[in-house]
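Shown next: start22.pdb, given as PDB, C-alpha atoms and all ligand atoms.
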ATOM      1  CA  MET A   1      -8.924  -5.354 -17.990
ATOM      2  CA  SER A   2     -10.708  -3.227 -15.378
ATOM      3  CA  LYS A   3     -10.994   0.503 -15.899
ATOM      4  CA  GLY A   4     -11.466   3.661 -13.864
ATOM      5  CA  ARG A   5     -11.636   3.092 -10.135
ATOM      6  CA  TYR A   6     -10.999  -0.618 -10.665
ATOM      7  CA  GLU A   7      -7.934  -0.280 -12.862
ATOM      8  CA  SER A   8      -6.591  -2.658 -13.582
ATOM      9  CA  PHE A   9      -6.540  -6.125 -12.033
ATOM     10  CA  ASN A  10      -9.663  -6.104  -9.887
ATOM     11  CA  LEU A  11     -10.668  -9.654  -8.950
ATOM     12  CA  ALA A  12     -13.897  -8.988  -7.025
ATOM     13  CA  THR A  13     -17.397  -9.295  -8.463
ATOM     14  CA  HIS A  14     -19.179  -7.492  -5.606
ATOM     15  CA  VAL A  15     -17.653  -4.013  -5.874
ATOM     16  CA  GLY A  16     -19.500  -2.597  -8.906
ATOM     17  CA  ASP A  17     -16.920  -3.382 -11.592
ATOM     18  CA  ASP A  18     -17.900  -4.676 -15.044
ATOM     19  CA  LEU A  19     -18.382  -8.431 -14.612
ATOM     20  CA  GLU A  20     -16.904  -9.262 -18.013
ATOM     21  CA  ASP A  21     -13.728  -7.432 -17.070
ATOM     22  CA  VAL A  22     -13.531  -9.235 -13.712
ATOM     23  CA  THR A  23     -14.109 -12.592 -15.394
ATOM     24  CA  HIS A  24     -11.312 -11.792 -17.832
ATOM     25  CA  ASN A  25      -8.980 -10.817 -14.966
ATOM     26  CA  ARG A  26      -9.817 -14.000 -13.112
ATOM     27  CA  SER A  27      -9.108 -16.103 -16.187
ATOM     28  CA  ILE A  28      -5.668 -14.474 -16.470
ATOM     29  CA  LEU A  29      -4.949 -15.328 -12.819
ATOM     30  CA  GLU A  30      -6.305 -18.847 -13.267
ATOM     31  CA  GLY A  31      -3.962 -19.330 -16.219
ATOM     32  CA  MET A  32      -1.035 -18.553 -13.905
ATOM     33  CA  THR A  33      -2.220 -20.734 -11.018
ATOM     34  CA  ALA A  34      -5.008 -23.346 -10.898
ATOM     35  CA  PRO A  35      -8.834 -23.374 -10.751
ATOM     36  CA  LEU A  36      -9.689 -20.463  -8.446
ATOM     37  CA  MET A  37     -11.722 -20.821  -5.263
ATOM     38  CA  PHE A  38     -13.171 -17.600  -3.896
ATOM     39  CA  MET A  39     -15.093 -16.996  -0.669
ATOM     40  CA  ASN A  40     -18.039 -14.781   0.149
ATOM     41  CA  GLN A  41     -16.131 -13.036   2.948
ATOM     42  CA  VAL A  42     -18.212 -11.677   5.824
ATOM     43  CA  HIS A  43     -15.637 -10.852   8.551
ATOM     44  CA  GLY A  44     -16.816 -14.022  10.292
ATOM     45  CA  ALA A  45     -15.045 -16.937  11.940
ATOM     46  CA  THR A  46     -15.983 -19.767   9.569
ATOM     47  CA  VAL A  47     -13.179 -21.978   8.238
ATOM     48  CA  VAL A  48     -14.032 -24.331   5.377
ATOM     49  CA  VAL A  49     -12.040 -27.395   4.340
ATOM     50  CA  VAL A  50     -12.134 -27.568   0.552
ATOM     51  CA  GLU A  51     -11.769 -30.983  -1.038
ATOM     52  CA  GLU A  52     -12.829 -30.282  -4.591
ATOM     53  CA  SER A  53     -13.589 -27.402  -6.890
ATOM     54  CA  VAL A  54     -17.209 -26.320  -6.460
ATOM     55  CA  LYS A  55     -19.159 -23.863  -8.578
ATOM     56  CA  HIS A  56     -20.967 -22.069  -5.761
ATOM     57  CA  VAL A  57     -19.086 -19.547  -3.633
ATOM     58  CA  LEU A  58     -18.656 -20.559  -0.011
ATOM     59  CA  THR A  59     -19.494 -18.090   2.741
ATOM     60  CA  ALA A  60     -16.389 -18.152   4.921
ATOM     61  CA  ASP A  61     -13.322 -16.139   5.850
ATOM     62  CA  ALA A  62     -10.800 -18.956   5.642
ATOM     63  CA  MET A  63     -10.258 -22.045   3.508
ATOM     64  CA  VAL A  64      -7.936 -25.013   3.971
ATOM     65  CA  THR A  65      -7.069 -27.711   1.462
ATOM     66  CA  GLN A  66      -4.800 -30.678   0.931
ATOM     67  CA  GLU A  67      -5.954 -31.128  -2.649
ATOM     68  CA  PRO A  68      -3.416 -30.269  -5.347
ATOM     69  CA  GLY A  69      -4.627 -27.936  -8.068
ATOM     70  CA  LEU A  70      -7.065 -25.776  -6.120
ATOM     71  CA  ALA A  71      -6.028 -22.126  -5.912
ATOM     72  CA  LEU A  72      -7.434 -20.702  -2.696
ATOM     73  CA  CYS A  73      -8.093 -16.958  -3.001
ATOM     74  CA  VAL A  74      -8.650 -14.279  -0.387
ATOM     75  CA  LEU A  75      -9.845 -10.868  -1.603
ATOM     76  CA  VAL A  76      -8.645  -7.718   0.127
ATOM     77  CA  ALA A  77      -8.302  -3.949  -0.065
ATOM     78  CA  ASP A  78      -6.647  -3.053   3.301
ATOM     79  CA  CYS A  79      -7.408  -6.218   5.323
ATOM     80  CA  ILE A  80      -4.588  -8.740   5.691
ATOM     81  CA  PRO A  81      -4.522 -11.569   3.139
ATOM     82  CA  VAL A  82      -2.949 -14.410   5.125
ATOM     83  CA  LEU A  83      -1.453 -17.373   3.273
ATOM     84  CA  LEU A  84      -0.549 -20.436   5.366
ATOM     85  CA  TRP A  85       1.249 -23.618   4.466
ATOM     86  CA  ASP A  86       2.853 -26.759   5.822
ATOM     87  CA  ASP A  87       5.020 -28.543   3.272
ATOM     88  CA  GLU A  88       5.230 -31.881   5.056
ATOM     89  CA  ALA A  89       1.492 -32.159   5.580
ATOM     90  CA  SER A  90       0.820 -30.848   2.044
ATOM     91  CA  CYS A  91      -1.652 -28.414   3.473
ATOM     92  CA  VAL A  92      -2.355 -24.806   2.454
ATOM     93  CA  ALA A  93      -4.833 -22.212   3.653
ATOM     94  CA  VAL A  94      -5.980 -18.631   3.218
ATOM     95  CA  ALA A  95      -7.539 -16.351   5.806
ATOM     96  CA  HIS A  96      -9.098 -12.897   5.577
ATOM     97  CA  VAL A  97      -8.109 -10.881   8.643
ATOM     98  CA  GLY A  98      -9.322  -7.388   9.397
ATOM     99  CA  ARG A  99     -10.109  -5.921  12.804
ATOM    100  CA  LYS A 100     -13.094  -8.220  13.273
ATOM    101  CA  GLY A 101     -11.070 -11.200  12.103
ATOM    102  CA  LEU A 102      -8.326 -10.451  14.606
ATOM    103  CA  ILE A 103     -10.875 -10.318  17.406
ATOM    104  CA  ASN A 104     -12.818 -13.416  16.364
ATOM    105  CA  GLY A 105      -9.608 -15.416  15.970
ATOM    106  CA  ILE A 106     -10.133 -16.600  12.408
ATOM    107  CA  SER A 107      -6.416 -17.262  11.893
ATOM    108  CA  GLY A 108      -6.128 -19.343  15.076
ATOM    109  CA  LYS A 109      -9.166 -21.363  14.005
ATOM    110  CA  THR A 110      -7.558 -21.917  10.608
ATOM    111  CA  ILE A 111      -4.361 -23.149  12.234
ATOM    112  CA  ALA A 112      -6.368 -25.506  14.432
ATOM    113  CA  VAL A 113      -7.974 -27.017  11.325
ATOM    114  CA  MET A 114      -4.533 -27.368   9.697
ATOM    115  CA  HIS A 115      -3.295 -29.187  12.810
ATOM    116  CA  GLU A 116      -6.266 -31.566  12.616
ATOM    117  CA  LEU A 117      -5.170 -32.348   9.058
ATOM    118  CA  GLY A 118      -1.651 -33.193  10.228
ATOM    119  CA  ALA A 119       0.167 -29.882   9.907
ATOM    120  CA  SER A 120       2.894 -29.357  12.491
ATOM    121  CA  ARG A 121       5.281 -26.762  11.058
ATOM    122  CA  ILE A 122       3.201 -23.936   9.663
ATOM    123  CA  PHE A 123       4.458 -20.870   7.808
ATOM    124  CA  ALA A 124       2.483 -17.702   7.130
ATOM    125  CA  GLN A 125       2.868 -14.917   4.611
ATOM    126  CA  PHE A 126       0.925 -11.696   5.131
ATOM    127  CA  GLY A 127       0.278  -9.855   1.886
ATOM    128  CA  PRO A 128       0.031  -6.065   1.575
ATOM    129  CA  SER A 129      -2.446  -4.444   3.985
ATOM    130  CA  ILE A 130      -3.042  -1.099   5.664
ATOM    131  CA  CYS A 131      -0.223  -0.278   8.091
ATOM    132  CA  GLY A 132      -0.054   0.852  11.686
ATOM    133  CA  LYS A 133       0.460   4.487  10.686
ATOM    134  CA  CYS A 134      -2.540   4.667   8.352
ATOM    135  CA  TYR A 135      -5.327   2.604   9.920
ATOM    136  CA  GLU A 136      -7.121   5.335  11.854
ATOM    137  CA  VAL A 137      -9.929   4.415  14.260
ATOM    138  CA  GLY A 138     -11.922   6.198  16.935
ATOM    139  CA  GLU A 139     -10.663   6.246  20.502
ATOM    140  CA  ASP A 140     -13.328   3.781  21.695
ATOM    141  CA  VAL A 141     -12.447   1.190  19.065
ATOM    142  CA  PHE A 142      -8.755   1.761  19.699
ATOM    143  CA  GLU A 143      -9.148   1.136  23.429
ATOM    144  CA  GLU A 144     -11.298  -1.935  22.867
ATOM    145  CA  VAL A 145      -8.747  -3.547  20.570
ATOM    146  CA  VAL A 146      -5.496  -2.664  22.364
ATOM    147  CA  THR A 147      -6.882  -3.792  25.715
ATOM    148  CA  THR A 148      -6.928  -7.342  24.371
ATOM    149  CA  TYR A 149      -4.170  -6.959  21.763
ATOM    150  CA  PRO A 150      -1.502  -4.523  23.033
ATOM    151  CA  GLN A 151       0.604  -5.192  19.929
ATOM    152  CA  ALA A 152      -2.140  -3.574  17.847
ATOM    153  CA  ARG A 153      -1.176  -0.129  19.147
ATOM    154  CA  GLY A 154      -0.233   1.767  15.988
ATOM    155  CA  SER A 155       2.120   4.675  15.437
ATOM    156  CA  ARG A 156       0.800   8.134  16.333
ATOM    157  CA  SER A 157       2.814   9.840  13.602
ATOM    158  CA  LYS A 158      -0.164  10.619  11.333
ATOM    159  CA  PHE A 159      -3.307  10.156  13.406
ATOM    160  CA  ASP A 160      -4.110  10.054  17.116
ATOM    161  CA  PHE A 161      -5.494   6.515  17.197
ATOM    162  CA  THR A 162      -4.270   3.885  14.790
ATOM    163  CA  LEU A 163      -4.227   0.096  14.829
ATOM    164  CA  ASP A 164      -1.370  -2.084  13.629
ATOM    165  CA  LEU A 165      -3.240  -5.243  12.726
ATOM    166  CA  PRO A 166      -0.268  -7.051  11.123
ATOM    167  CA  ALA A 167       1.782  -6.593  14.316
ATOM    168  CA  ALA A 168      -1.011  -7.967  16.489
ATOM    169  CA  LEU A 169      -1.682 -10.870  14.157
ATOM    170  CA  GLU A 170       2.005 -11.714  13.929
ATOM    171  CA  PHE A 171       2.165 -11.875  17.726
ATOM    172  CA  GLU A 172      -0.840 -14.196  17.841
ATOM    173  CA  LEU A 173       0.533 -16.525  15.167
ATOM    174  CA  VAL A 174       4.069 -16.663  16.547
ATOM    175  CA  ARG A 175       2.533 -17.619  19.890
ATOM    176  CA  GLU A 176       0.922 -20.561  18.087
ATOM    177  CA  GLY A 177       4.298 -21.633  16.729
ATOM    178  CA  VAL A 178       3.843 -20.245  13.232
ATOM    179  CA  GLU A 179       6.787 -18.714  11.342
ATOM    180  CA  VAL A 180       5.550 -15.391   9.939
ATOM    181  CA  TYR A 181       6.669 -13.360   6.934
ATOM    182  CA  LYS A 182       5.109  -9.932   6.417
ATOM    183  CA  SER A 183       4.836  -7.744   3.354
ATOM    184  CA  SER A 184       6.211  -4.261   3.985
ATOM    185  CA  VAL A 185       3.732  -2.722   1.524
ATOM    186  CA  CYS A 186       0.944  -0.546   2.926
ATOM    187  CA  THR A 187      -2.126  -0.613   0.661
ATOM    188  CA  PHE A 188      -3.196   2.867   1.813
ATOM    189  CA  GLU A 189       0.152   4.391   0.824
ATOM    190  CA  SER A 190       0.865   2.279  -2.252
ATOM    191  CA  GLY A 191      -0.022   3.688  -5.646
ATOM    192  CA  SER A 192      -0.435   0.210  -7.095
ATOM    193  CA  HIS A 193      -2.763  -1.437  -4.565
ATOM    194  CA  PHE A 194      -6.483  -1.070  -3.920
ATOM    195  CA  SER A 195      -7.334   0.634  -0.631
ATOM    196  CA  TYR A 196     -10.902   0.769   0.605
ATOM    197  CA  ARG A 197      -9.935   3.245   3.307
ATOM    198  CA  ARG A 198      -8.342   5.586   0.786
ATOM    199  CA  ASP A 199     -10.761   5.283  -2.124
ATOM    200  CA  GLY A 200     -14.066   3.836  -0.875
ATOM    201  CA  VAL A 201     -15.343   2.438  -4.168
ATOM    202  CA  THR A 202     -12.416   0.409  -5.473
ATOM    203  CA  GLY A 203     -11.277  -3.053  -6.529
ATOM    204  CA  ARG A 204      -9.901  -5.999  -4.605
ATOM    205  CA  THR A 205      -6.621  -7.746  -5.033
ATOM    206  CA  ALA A 206      -6.154 -11.392  -4.085
ATOM    207  CA  GLY A 207      -3.808 -13.498  -2.050
ATOM    208  CA  VAL A 208      -3.552 -16.916  -3.712
ATOM    209  CA  ILE A 209      -2.004 -20.186  -2.565
ATOM    210  CA  TRP A 210      -2.211 -23.659  -4.075
ATOM    211  CA  LEU A 211      -0.526 -27.041  -3.986
TER     212      LEU A 211
HETATM  213 ZN    ZN A 301       0.516   3.040   5.758
END
Could you express the structure from this file as structure tokens?
Ligand SMILES: [Zn+2]
Amino acid sequence: MSKGRYESFNLATHVGDDLEDVTHNRSILEGMTAPLMFMNQVHGATVVVVEESVKHVLTADAMVTQEPGLALCVLVADCIPVLLWDDEASCVAVAHVGRKGLINGISGKTIAVMHELGASRIFAQFGPSICGKCYEVGEDVFEEVVTTYPQARGSRSKFDFTLDLPAALEFELVREGVEVYKSSVCTFESGSHFSYRRDGVTGRTAGVIWL
């Protein structure tokens, strides 16, 4: 329903879009999934275990549940929407991973919580995010990140200093025994995805997982 810069399936209420349109979009998504659970995402390291649908929005960057019928949502426009699951433990999770999230280890913390809940064979799907050719940073930030995460060194084909966050995150998760699947779509290059880096004021898409 969203128009203009938010056309057409913006799911975020905090980006300046018409709230009625966002509510309508969310109801369409809810009709395809289950009651939606969103987070107030702050690039932090807080993981919340969700046991029931609550009206207030939790401030966190990852959620884990074993409850059927709760659709966990992570909002993004360039960051990596990470969906995690373990079929045997009936456990699913979402995590919001950008540069800060990579550094503060939000995905590792999420996996630790899943392990506490009995998960042993965890799979991850990364949704569309900005790629290692397009995520330009300054030299100081580049050096800071690749010193700790060498796999984050992006391609120099377009810009001098770029970060490949999906590559670095994949390395971290595989090291924790997680089987990783990555989207090949770059939000910055895609004509059908929101990109904060490309457009500034824009919408958010969502990664959604539920039992
Ligand atoms: Zn790209």
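Interatomic distance, atom CA of A:Leu165 to atom CA of A:Glu144: 13.4 Å.
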Query raised in the report: Looking at all atoms listed in the file, which of A:Glu172, A:Asp87, A:Asp78, A:Asp61 is the one that sits closest to ligand ZN 301 (chain A)?
Result: A:Asp78
Query raised in the report: Within 8 Å of ligand ZN 301 (chain A), counting all atoms listed in the file, which protein or nucleic acid residues do you find, written as JSON, numbers by chain?
Result: {"A": [130, 131, 132, 133, 134, 135, 185, 186, 187, 188, 189]}
Counting only C-alpha atoms, what is within 9 Å of A:Leu169, bar same-chain residues fewer than 4 positions away, as an mmCIF file with C-alpha atoms, in the frame of the given file?
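Below is the file that was written, around.cif:
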data_model
loop_
_atom_site.group_PDB
_atom_site.id
_atom_site.type_symbol
_atom_site.label_atom_id
_atom_site.label_comp_id
_atom_site.auth_asym_id
_atom_site.auth_seq_id
_atom_site.Cartn_x
_atom_site.Cartn_y
_atom_site.Cartn_z
ATOM 1 C CA VAL A 97 -8.109 -10.881 8.643
ATOM 2 C CA LEU A 102 -8.326 -10.451 14.606
ATOM 3 C CA SER A 107 -6.416 -17.262 11.893
ATOM 4 C CA TYR A 149 -4.170 -6.959 21.763
ATOM 5 C CA GLN A 151 0.604 -5.192 19.929
ATOM 6 C CA ALA A 152 -2.140 -3.574 17.847
ATOM 7 C CA ASP A 164 -1.370 -2.084 13.629
ATOM 8 C CA LEU A 165 -3.240 -5.243 12.726
ATOM 9 C CA LEU A 173 0.533 -16.525 15.167
ATOM 10 C CA VAL A 174 4.069 -16.663 16.547
#
**Report entry** Picked residues, the PyMOL selection byres (((chain A and resi 37-51) around 8) and not hetatm), expected as a PyMOL selection string
**Finding:** chain A and resi 35-36+52-54+57-67+70-75+96-98+100-101+104-106+109-110+113
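Counting all atoms listed in the file, the residue from A:Met1, A:Ala95, A:Leu11, A:Ile103 that sits nearest to A:Thr202 is A:Leu11.
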Query raised in the report: Any chance you could work out the residue set of the PyMOL selection byres (((chain A and resi 7) around 12) and not hetatm) here, as a PyMOL selection string?
Result: chain A and resi 1-6+8-11+17-18+21-22+25+191-194+201-205
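You will find atom CA of A:Ala206 at 24.7 Å from atom CA of A:His115.
Atom CA of A:Phe142 sits 26.2 Å away from atom CA of A:Val178.
Each of A:Val146, A:Glu179, A:Ala77, A:Phe123 was checked against A:Cys91 using only C-alpha atoms; the smallest atom-to-atom distance is that of A:Phe123.
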Query - A:Gln125 surroundings by only C-alpha atoms, 9 Å radius, close-in-sequence under 3 positions cut, as number ranges by chain - result: A: 81-85, 179-183
How would the residues just picked look written out with C-alpha atoms as a PDB file, keeping the file's coordinate frame?
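Okay, this is what ended up in out.pdb:
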ATOM      1  CA  PRO A  81      -4.522 -11.569   3.139  1.00  0.00           C
ATOM      2  CA  VAL A  82      -2.949 -14.410   5.125  1.00  0.00           C
ATOM      3  CA  LEU A  83      -1.453 -17.373   3.273  1.00  0.00           C
ATOM      4  CA  LEU A  84      -0.549 -20.436   5.366  1.00  0.00           C
ATOM      5  CA  TRP A  85       1.249 -23.618   4.466  1.00  0.00           C
ATOM      6  CA  GLU A 179       6.787 -18.714  11.342  1.00  0.00           C
ATOM      7  CA  VAL A 180       5.550 -15.391   9.939  1.00  0.00           C
ATOM      8  CA  TYR A 181       6.669 -13.360   6.934  1.00  0.00           C
ATOM      9  CA  LYS A 182       5.109  -9.932   6.417  1.00  0.00           C
ATOM     10  CA  SER A 183       4.836  -7.744   3.354  1.00  0.00           C
TER      11      SER A 183
END
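Counting all atoms listed in the file and comparing A:Ala124, A:Cys79, A:Leu117, A:Ala112, the residue that lies closest to A:Val94 is A:Ala124.
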Query - For A:Gly69: contacts at 7 Å, all atoms listed in the file, fewer than 5 positions along chain excluded, given as JSON, numbers by chain - result: {"A": [34, 35, 210, 211]}
Keeping C-alpha atoms for every residue in the selection just given, could you write it to a file as a tab-separated table (two decimals), in the coordinates of the input?
chain	number	residue	atom	x	y	z
A	34	ALA	CA	-5.01	-23.35	-10.90
A	35	PRO	CA	-8.83	-23.37	-10.75
A	210	TRP	CA	-2.21	-23.66	-4.08
A	211	LEU	CA	-0.53	-27.04	-3.99
Query raised in the report: Using only C-alpha atoms, which residues sit within 9 Å of A:Ser120 once same-chain residues fewer than 3 positions away are excluded, as a PyMOL selection string?
Result: chain A and resi 86+88-89+114-115+177
Query - Counting all atoms listed in the file, the option among A:Glu143, A:Gly138, A:Arg198, A:Gly108 closest to A:Phe171 - result: A:Gly108
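Nearest to A:Ile80 of all the residues A:Ser129, A:Thr148, A:Thr162, A:Thr23 is A:Ser129, counting only C-alpha atoms.
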Complete stretch 173-188 of chain A at the level of N, CA and C atoms, written as a PDB file, in the frame of the given file.
ATOM      1  N   LEU A 173       0.117 -15.331  15.922  1.00  0.00           N
ATOM      2  CA  LEU A 173       0.533 -16.525  15.167  1.00  0.00           C
ATOM      3  C   LEU A 173       1.857 -17.082  15.681  1.00  0.00           C
ATOM      4  N   VAL A 174       2.786 -16.194  16.013  1.00  0.00           N
ATOM      5  CA  VAL A 174       4.069 -16.663  16.547  1.00  0.00           C
ATOM      6  C   VAL A 174       3.830 -17.430  17.848  1.00  0.00           C
ATOM      7  N   ARG A 175       2.878 -16.939  18.637  1.00  0.00           N
ATOM      8  CA  ARG A 175       2.533 -17.619  19.890  1.00  0.00           C
ATOM      9  C   ARG A 175       2.002 -19.032  19.632  1.00  0.00           C
ATOM     10  N   GLU A 176       1.428 -19.226  18.458  1.00  0.00           N
ATOM     11  CA  GLU A 176       0.922 -20.561  18.087  1.00  0.00           C
ATOM     12  C   GLU A 176       1.985 -21.389  17.381  1.00  0.00           C
ATOM     13  N   GLY A 177       3.208 -20.868  17.325  1.00  0.00           N
ATOM     14  CA  GLY A 177       4.298 -21.633  16.729  1.00  0.00           C
ATOM     15  C   GLY A 177       4.446 -21.462  15.237  1.00  0.00           C
ATOM     16  N   VAL A 178       3.785 -20.464  14.675  1.00  0.00           N
ATOM     17  CA  VAL A 178       3.843 -20.245  13.232  1.00  0.00           C
ATOM     18  C   VAL A 178       5.002 -19.302  12.910  1.00  0.00           C
ATOM     19  N   GLU A 179       5.714 -19.603  11.813  1.00  0.00           N
ATOM     20  CA  GLU A 179       6.787 -18.714  11.342  1.00  0.00           C
ATOM     21  C   GLU A 179       6.169 -17.711  10.369  1.00  0.00           C
ATOM     22  N   VAL A 180       6.303 -16.422  10.664  1.00  0.00           N
ATOM     23  CA  VAL A 180       5.550 -15.391   9.939  1.00  0.00           C
ATOM     24  C   VAL A 180       6.466 -14.527   9.073  1.00  0.00           C
ATOM     25  N   TYR A 181       6.024 -14.316   7.843  1.00  0.00           N
ATOM     26  CA  TYR A 181       6.669 -13.360   6.934  1.00  0.00           C
ATOM     27  C   TYR A 181       5.627 -12.294   6.597  1.00  0.00           C
ATOM     28  N   LYS A 182       6.057 -11.025   6.651  1.00  0.00           N
ATOM     29  CA  LYS A 182       5.109  -9.932   6.417  1.00  0.00           C
ATOM     30  C   LYS A 182       5.531  -9.097   5.221  1.00  0.00           C
ATOM     31  N   SER A 183       4.569  -8.725   4.400  1.00  0.00           N
ATOM     32  CA  SER A 183       4.836  -7.744   3.354  1.00  0.00           C
ATOM     33  C   SER A 183       5.084  -6.393   4.013  1.00  0.00           C
ATOM     34  N   SER A 184       5.978  -5.606   3.447  1.00  0.00           N
ATOM     35  CA  SER A 184       6.211  -4.261   3.985  1.00  0.00           C
ATOM     36  C   SER A 184       5.368  -3.221   3.258  1.00  0.00           C
ATOM     37  N   VAL A 185       4.539  -3.659   2.316  1.00  0.00           N
ATOM     38  CA  VAL A 185       3.732  -2.722   1.524  1.00  0.00           C
ATOM     39  C   VAL A 185       2.463  -2.348   2.283  1.00  0.00           C
ATOM     40  N   CYS A 186       2.195  -1.049   2.348  1.00  0.00           N
ATOM     41  CA  CYS A 186       0.944  -0.546   2.926  1.00  0.00           C
ATOM     42  C   CYS A 186       0.005  -0.208   1.774  1.00  0.00           C
ATOM     43  N   THR A 187      -1.182  -0.830   1.761  1.00  0.00           N
ATOM     44  CA  THR A 187      -2.126  -0.613   0.661  1.00  0.00           C
ATOM     45  C   THR A 187      -2.584   0.843   0.598  1.00  0.00           C
ATOM     46  N   PHE A 188      -2.731   1.481   1.743  1.00  0.00           N
ATOM     47  CA  PHE A 188      -3.196   2.867   1.813  1.00  0.00           C
ATOM     48  C   PHE A 188      -2.188   3.820   1.180  1.00  0.00           C
TER      49      PHE A 188
END
